[in-house]
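Participant: Got a structure for you, model11.csv, holding CSV, C-alpha atoms.
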chain,number,residue,atom,x,y,z
A,1,MET,CA,161.3,72.8,17.6
A,2,ASN,CA,163.2,69.7,18.4
A,3,LEU,CA,164.9,67.8,15.4
A,4,ALA,CA,167.6,66.1,17.5
A,5,ASP,CA,169.0,63.1,15.6
A,6,GLN,CA,166.8,63.8,12.5
A,7,HIS,CA,168.3,64.1,9.0
A,8,VAL,CA,167.0,66.7,6.6
A,9,ILE,CA,168.1,67.2,3.0
A,10,VAL,CA,168.0,70.9,1.8
A,11,THR,CA,168.3,71.4,-1.9
A,12,GLY,CA,169.4,75.0,-2.6
A,13,GLY,CA,170.8,75.0,0.9
A,14,ALA,CA,173.7,77.2,0.0
A,15,GLY,CA,171.6,80.1,-1.1
A,16,SER,CA,170.2,82.9,1.0
A,17,LEU,CA,167.0,81.2,2.1
A,18,GLY,CA,168.6,77.8,2.2
A,19,THR,CA,171.3,79.0,4.5
A,20,ALA,CA,168.7,80.4,6.9
A,21,VAL,CA,166.9,77.0,6.8
A,22,VAL,CA,170.1,75.0,7.4
A,23,GLN,CA,171.1,77.3,10.3
A,24,LEU,CA,167.7,76.8,12.0
A,25,LEU,CA,167.8,73.1,11.4
A,26,LEU,CA,171.2,72.8,12.9
A,27,ASP,CA,170.1,74.9,15.9
A,28,SER,CA,167.2,72.5,16.3
A,29,GLY,CA,169.6,69.5,16.5
A,30,ALA,CA,169.2,68.1,12.9
A,31,ALA,CA,171.9,66.9,10.6
A,32,CYS,CA,171.7,68.4,7.1
A,33,SER,CA,172.7,67.3,3.6
A,34,VAL,CA,173.1,69.9,0.9
A,35,PRO,CA,173.8,69.3,-2.8
A,36,CYS,CA,175.9,72.0,-4.5
A,37,PHE,CA,175.7,72.5,-8.2
A,38,ASN,CA,179.2,73.9,-8.7
A,39,GLN,CA,182.4,74.8,-6.8
A,40,ASP,CA,181.4,78.5,-6.4
A,41,GLU,CA,178.2,77.4,-4.6
A,42,PHE,CA,180.2,75.2,-2.3
A,43,ASP,CA,182.8,77.9,-1.6
A,44,SER,CA,180.1,80.4,-0.6
A,45,PHE,CA,178.3,77.9,1.7
A,46,GLN,CA,179.1,78.9,5.2
A,47,PHE,CA,178.3,75.4,6.6
A,48,SER,CA,180.3,73.4,4.1
A,49,ASP,CA,182.7,72.3,6.8
A,50,HIS,CA,180.2,71.8,9.6
A,51,GLU,CA,180.5,68.5,11.3
A,52,LYS,CA,176.7,67.8,10.9
A,53,VAL,CA,176.5,68.8,7.3
A,54,PHE,CA,177.1,66.5,4.3
A,55,THR,CA,177.6,68.2,1.0
A,56,THR,CA,178.7,67.2,-2.5
A,57,VAL,CA,179.8,69.4,-5.4
A,58,GLY,CA,178.6,68.8,-9.0
A,59,VAL,CA,175.0,67.7,-8.4
A,60,ASP,CA,172.6,68.5,-11.2
A,61,LEU,CA,169.1,68.0,-9.7
A,62,THR,CA,167.5,68.3,-13.1
A,63,GLU,CA,169.0,64.8,-13.8
A,64,GLU,CA,167.1,62.0,-12.2
A,65,GLU,CA,170.1,59.7,-11.6
A,66,GLN,CA,172.2,62.5,-10.1
A,67,ALA,CA,169.3,63.5,-7.7
A,68,GLN,CA,168.8,59.9,-6.6
A,69,SER,CA,172.5,59.3,-6.2
A,70,PHE,CA,172.8,62.4,-4.0
A,71,PHE,CA,170.0,61.2,-1.8
A,72,ASP,CA,171.5,57.8,-1.5
A,73,ASP,CA,174.9,59.3,-0.5
A,74,ALA,CA,173.3,61.6,2.0
A,75,VAL,CA,171.5,58.8,3.7
A,76,GLU,CA,174.7,56.8,3.9
A,77,ALA,CA,176.5,59.8,5.4
A,78,ASN,CA,173.9,61.2,7.8
A,79,GLY,CA,171.6,58.3,8.4
A,80,PRO,CA,167.9,57.6,7.7
A,81,LEU,CA,166.0,60.5,6.1
A,82,TRP,CA,163.4,62.3,8.1
A,83,GLY,CA,162.7,65.4,5.9
A,84,SER,CA,163.4,67.0,2.6
A,85,VAL,CA,163.2,70.7,1.8
A,86,HIS,CA,163.3,71.7,-1.9
A,87,ILE,CA,164.5,75.2,-2.3
A,88,ALA,CA,166.6,74.7,-5.5
A,89,GLY,CA,165.3,76.8,-8.4
A,90,GLY,CA,165.7,79.9,-10.4
A,91,PHE,CA,163.9,83.1,-11.4
A,92,GLY,CA,163.3,84.4,-14.9
A,93,MET,CA,161.5,87.4,-16.3
A,94,GLY,CA,160.4,87.9,-19.9
A,95,ALA,CA,157.3,88.5,-22.0
A,96,ILE,CA,156.2,85.4,-23.8
A,97,GLU,CA,157.3,86.7,-27.2
A,98,ASP,CA,160.8,87.1,-25.8
A,99,THR,CA,160.8,83.7,-24.2
A,100,PRO,CA,161.6,80.9,-26.6
A,101,LYS,CA,161.1,77.2,-25.8
A,102,PRO,CA,164.7,76.8,-24.4
A,103,ALA,CA,164.1,79.6,-21.9
A,104,PHE,CA,160.7,78.2,-21.0
A,105,MET,CA,162.2,74.7,-20.5
A,106,LYS,CA,165.0,76.2,-18.4
A,107,GLN,CA,162.4,77.5,-15.9
A,108,ILE,CA,160.5,74.2,-15.9
A,109,ASN,CA,163.8,72.3,-15.3
A,110,LEU,CA,165.2,74.6,-12.6
A,111,ASN,CA,161.9,74.9,-10.6
A,112,LEU,CA,159.7,71.9,-11.4
A,113,VAL,CA,161.9,69.1,-12.5
A,114,THR,CA,164.4,69.6,-9.6
A,115,CYS,CA,161.5,69.5,-7.2
A,116,TYR,CA,159.9,66.4,-8.8
A,117,ASN,CA,163.2,64.5,-8.9
A,118,SER,CA,163.9,65.4,-5.2
A,119,CYS,CA,160.4,64.5,-4.1
A,120,ARG,CA,160.7,61.1,-5.9
A,121,ALA,CA,164.0,60.3,-4.3
A,122,ALA,CA,162.8,61.4,-0.8
A,123,VAL,CA,159.6,59.3,-1.1
A,124,GLN,CA,161.6,56.2,-2.1
A,125,HIS,CA,163.8,56.5,1.1
A,126,PHE,CA,160.8,57.3,3.3
A,127,LYS,CA,158.9,54.2,2.1
A,128,SER,CA,162.0,52.0,2.4
A,129,GLN,CA,162.4,53.1,6.0
A,130,ASP,CA,158.7,52.8,6.8
A,131,SER,CA,158.9,55.6,9.4
A,132,GLY,CA,157.1,58.5,7.8
A,133,GLY,CA,158.7,61.8,6.8
A,134,ARG,CA,158.1,65.4,5.8
A,135,ILE,CA,158.6,67.3,2.5
A,136,VAL,CA,158.5,71.0,2.0
A,137,ASN,CA,158.5,72.6,-1.5
A,138,ILE,CA,158.9,76.2,-2.5
A,139,ALA,CA,156.2,77.6,-4.8
A,140,ALA,CA,155.7,81.4,-5.3
A,141,ARG,CA,153.0,83.9,-5.1
A,142,PRO,CA,152.2,83.8,-8.9
A,143,ALA,CA,151.6,80.0,-8.5
A,144,LEU,CA,148.6,80.9,-6.3
A,145,GLU,CA,147.8,84.2,-8.1
A,146,PRO,CA,148.7,83.7,-11.8
A,147,ARG,CA,147.7,87.2,-12.8
A,148,GLN,CA,150.6,88.4,-10.6
A,149,GLY,CA,152.9,86.5,-13.0
A,150,LYS,CA,152.6,88.8,-16.0
A,151,GLY,CA,155.9,89.3,-17.6
A,152,MET,CA,157.2,86.1,-16.1
A,153,THR,CA,154.9,83.5,-17.6
A,154,ALA,CA,157.5,80.7,-17.8
A,155,TYR,CA,158.5,81.1,-14.1
A,156,THR,CA,154.8,81.3,-13.1
A,157,THR,CA,154.0,78.1,-15.0
A,158,ALA,CA,156.8,76.3,-13.4
A,159,LYS,CA,155.9,77.3,-9.9
A,160,ALA,CA,152.3,76.5,-10.5
A,161,GLY,CA,153.5,73.0,-11.3
A,162,VAL,CA,155.3,72.9,-8.0
A,163,ALA,CA,152.0,73.8,-6.2
A,164,ALA,CA,150.1,71.1,-8.1
A,165,LEU,CA,152.8,68.5,-7.4
A,166,THR,CA,152.6,69.4,-3.7
A,167,GLU,CA,148.9,68.9,-3.4
A,168,SER,CA,148.7,65.8,-5.5
A,169,LEU,CA,151.7,64.1,-3.8
A,170,ALA,CA,150.3,65.0,-0.4
A,171,ALA,CA,147.1,63.0,-1.1
A,172,GLU,CA,149.1,60.1,-2.6
A,173,ILE,CA,151.3,59.3,0.3
A,174,VAL,CA,149.5,60.6,3.5
A,175,GLN,CA,148.7,57.0,4.5
A,176,GLU,CA,152.4,56.4,5.0
A,177,ASP,CA,152.6,59.3,7.4
A,178,ILE,CA,154.5,61.4,4.8
A,179,LEU,CA,153.2,64.9,5.0
A,180,VAL,CA,153.9,67.2,2.0
A,181,ASN,CA,153.5,71.0,2.0
A,182,ALA,CA,154.8,74.1,0.3
A,183,ILE,CA,155.2,77.7,1.0
A,184,ALA,CA,154.5,80.4,-1.5
A,185,PRO,CA,156.6,83.6,-0.8
A,186,SER,CA,156.2,86.9,-2.5
A,187,VAL,CA,159.5,88.7,-3.0
A,188,ILE,CA,162.0,87.4,-0.5
A,189,ASP,CA,164.3,89.9,1.2
A,190,THR,CA,167.7,88.9,-0.2
A,191,PRO,CA,170.7,90.9,-1.3
A,192,GLN,CA,170.1,89.8,-4.9
A,193,ASN,CA,166.5,91.0,-4.8
A,194,ARG,CA,167.4,94.3,-3.2
A,195,GLU,CA,170.0,94.9,-5.9
A,196,GLY,CA,167.5,94.0,-8.6
A,197,MET,CA,164.7,96.2,-7.2
A,198,PRO,CA,166.5,99.1,-5.4
A,199,ASP,CA,163.4,101.3,-5.2
A,200,ALA,CA,161.2,98.8,-3.5
A,201,ASP,CA,160.1,99.0,0.1
A,202,PHE,CA,162.3,96.2,1.6
A,203,ASP,CA,160.5,96.3,5.0
A,204,LYS,CA,157.4,94.8,3.3
A,205,TRP,CA,159.2,91.7,2.0
A,206,PRO,CA,159.3,88.5,4.1
A,207,LYS,CA,162.7,87.8,5.6
A,208,THR,CA,164.7,84.6,5.1
A,209,GLU,CA,164.7,84.0,8.8
A,210,GLN,CA,160.9,84.3,8.9
A,211,LEU,CA,160.4,81.9,6.0
A,212,ALA,CA,162.9,79.5,7.6
A,213,GLN,CA,160.7,79.3,10.7
A,214,GLN,CA,157.7,78.3,8.6
A,215,ILE,CA,159.7,75.7,6.7
A,216,VAL,CA,161.3,74.1,9.7
A,217,TYR,CA,158.0,73.8,11.5
A,218,LEU,CA,156.4,72.1,8.5
A,219,VAL,CA,159.4,69.7,8.2
A,220,SER,CA,159.5,68.9,11.9
A,221,PRO,CA,157.9,66.0,13.7
A,222,GLU,CA,155.8,68.6,15.5
A,223,ASN,CA,153.8,69.1,12.3
A,224,GLU,CA,151.4,66.2,12.7
A,225,ILE,CA,148.4,67.3,10.7
A,226,THR,CA,149.2,69.9,8.1
A,227,ARG,CA,149.5,68.4,4.6
A,228,GLY,CA,148.7,69.4,1.1
A,229,SER,CA,148.9,73.1,1.8
A,230,VAL,CA,150.6,75.8,-0.3
A,231,ILE,CA,150.9,78.4,2.4
A,232,SER,CA,151.0,82.1,1.4
A,233,VAL,CA,153.9,83.9,3.1
A,234,TYR,CA,153.8,87.3,1.6
A,235,GLY,CA,154.8,89.5,4.5
A,236,LYS,CA,153.3,92.9,3.9
A,237,SER,CA,153.9,92.9,0.2
Let me see the structure of the file written as structure tokens.
Facilitator:
Amino acid sequence: MNLADQHVIVTGGAGSLGTAVVQLLLDSGAACSVPCFNQDEFDSFQFSDHEKVFTTVGVDLTEEEQAQSFFDDAVEANGPLWGSVHIAGGFGMGAIEDTPKPAFMKQINLNLVTCYNSCRAAVQHFKSQDSGGRIVNIAARPALEPRQGKGMTAYTTAKAGVAALTESLAAEIVQEDILVNAIAPSVIDTPQNREGMPDADFDKWPKTEQLAQQIVYLVSPENEITRGSVISVYGKS
């Protein structure tokens, strides 16, 4: 995939999946912009000092103004925006009787509101540039199969919102050559998930590098027709 001279924002780009996406984008010639929530996230990001990566510390994507400000700063630093990949989010378990409204709203904010704010800022830049663009969101298997979300209803609801946002927004802006898609992973093979589920069969989980391939294709100019899809990427799990 050739993304030479293209600029792609990757929210959550300092995490396990985000780092794999940034790596592949850089290998494909793109410049990347990555917001970091705090200094620890920045310090752990292996591309923080890369010449083609713009990053800022202290960006809370649940806040609309901060999201828009980061997108504005990224465009100023790395040029017109071609693509936006929205990986930022968070996982939460808990039966509904143990999940009060603040915990529910935390999942909504981390997963759905960050995605909405990022989509909105990206679309504003795409339309001002009048040159099309690509958006890729991250849903989850329970968003497509809600019965898989037992014991994590708040997370499932938030990710289902991401899936609905993806499909509705894709129909809204397709005439501007802005294609919007999402992937829906099962359990991603990351160190954190291995630690949390030590008895699982890790070989069945999709790898971050495999998911990055899917994401980078969808955000690339080579994707000319796929839009409004929430693609299941379950591996063998």
Participant: Could you build a table of the residues in stretch 49-112 of chain A lying no more than 12 Å from stretch 142-162 of chain A, giving for each the nearest pair of atoms and their separation in Å rounded to one decimal place, using only C-alpha atoms, ordered by chain and ascending residue number, as CSV?
Facilitator:
residue,atom,partner,partner_atom,distance
A:His86,CA,A:Val162,CA,10.1
A:Ile87,CA,A:Val162,CA,11.1
A:Ala88,CA,A:Val162,CA,11.7
A:Gly89,CA,A:Lys159,CA,9.5
A:Gly90,CA,A:Tyr155,CA,8.2
A:Phe91,CA,A:Tyr155,CA,6.4
A:Gly92,CA,A:Tyr155,CA,5.9
A:Met93,CA,A:Met152,CA,4.5
A:Gly94,CA,A:Gly151,CA,5.2
A:Ala95,CA,A:Gly151,CA,4.7
A:Ile96,CA,A:Thr153,CA,6.6
A:Glu97,CA,A:Gly151,CA,10.0
A:Asp98,CA,A:Gly151,CA,9.8
A:Thr99,CA,A:Ala154,CA,7.8
A:Pro100,CA,A:Ala154,CA,9.7
A:Lys101,CA,A:Ala154,CA,9.4
A:Pro102,CA,A:Ala154,CA,10.5
A:Ala103,CA,A:Ala154,CA,7.8
A:Phe104,CA,A:Ala154,CA,5.2
A:Met105,CA,A:Ala154,CA,8.1
A:Lys106,CA,A:Ala154,CA,8.8
A:Gln107,CA,A:Tyr155,CA,5.6
A:Ile108,CA,A:Ala158,CA,4.9
A:Asn109,CA,A:Ala158,CA,8.3
A:Leu110,CA,A:Ala158,CA,8.6
A:Asn111,CA,A:Ala158,CA,6.0
A:Leu112,CA,A:Ala158,CA,5.6
Participant: Which is closer to A:Pro185 than all the others in A:Val34, A:Ala140, A:Val10, A:Leu81, using all atoms listed in the file?
Facilitator: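 Using all atoms listed in the file, A:Pro185 sits closest to A:Ala140.
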Participant: How far is it from atom CA of A:Trp205 to atom CA of A:Gln46, in Å with one decimal?
Facilitator: 23.9 Å
Participant: Report the distance between atom CA of A:Asn38 and atom CA of A:Val59 in Å, rounded to one decimal place.
Facilitator: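 Between atom CA of A:Asn38 and atom CA of A:Val59 the gap works out to 7.5 Å.
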Participant: So which residues touch stretch 128-137 of chain A within 6 Å, counting all atoms listed in the file, skipping near sequence neighbours fewer than 4 positions away, as a list of chain:residue names?
Facilitator: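 Those residues are A:Trp82, A:Gly83, A:Ser84, A:Val85, A:His86, A:Glu176, A:Asp177, A:Ile178, A:Leu179, A:Val180, A:Asn181, A:Ala182, A:Val219.
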Participant: Those same residues, written as a short mmCIF file (atom, residue, chain, number, x, y, z; two decimals), in the frame of the given file with C-alpha atoms?
Facilitator:
data_model
loop_
_atom_site.label_atom_id
_atom_site.label_comp_id
_atom_site.auth_asym_id
_atom_site.auth_seq_id
_atom_site.Cartn_x
_atom_site.Cartn_y
_atom_site.Cartn_z
CA TRP A 82 163.40 62.30 8.10
CA GLY A 83 162.70 65.40 5.90
CA SER A 84 163.40 67.00 2.60
CA VAL A 85 163.20 70.70 1.80
CA HIS A 86 163.30 71.70 -1.90
CA GLU A 176 152.40 56.40 5.00
CA ASP A 177 152.60 59.30 7.40
CA ILE A 178 154.50 61.40 4.80
CA LEU A 179 153.20 64.90 5.00
CA VAL A 180 153.90 67.20 2.00
CA ASN A 181 153.50 71.00 2.00
CA ALA A 182 154.80 74.10 0.30
CA VAL A 219 159.40 69.70 8.20
#
Participant: At what distance in Å, to one decimal, does atom CA of A:Thr208 lie from atom CA of A:Ile188?
Facilitator: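 These two atoms are separated by 6.8 Å.
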Participant: When you count all atoms listed in the file, which of these residues is closest to A:Ser28: A:Asp5, A:Asp43, A:Asp49, A:Asp73?
Facilitator: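 Of all the options, A:Asp5 lies closest to A:Ser28.
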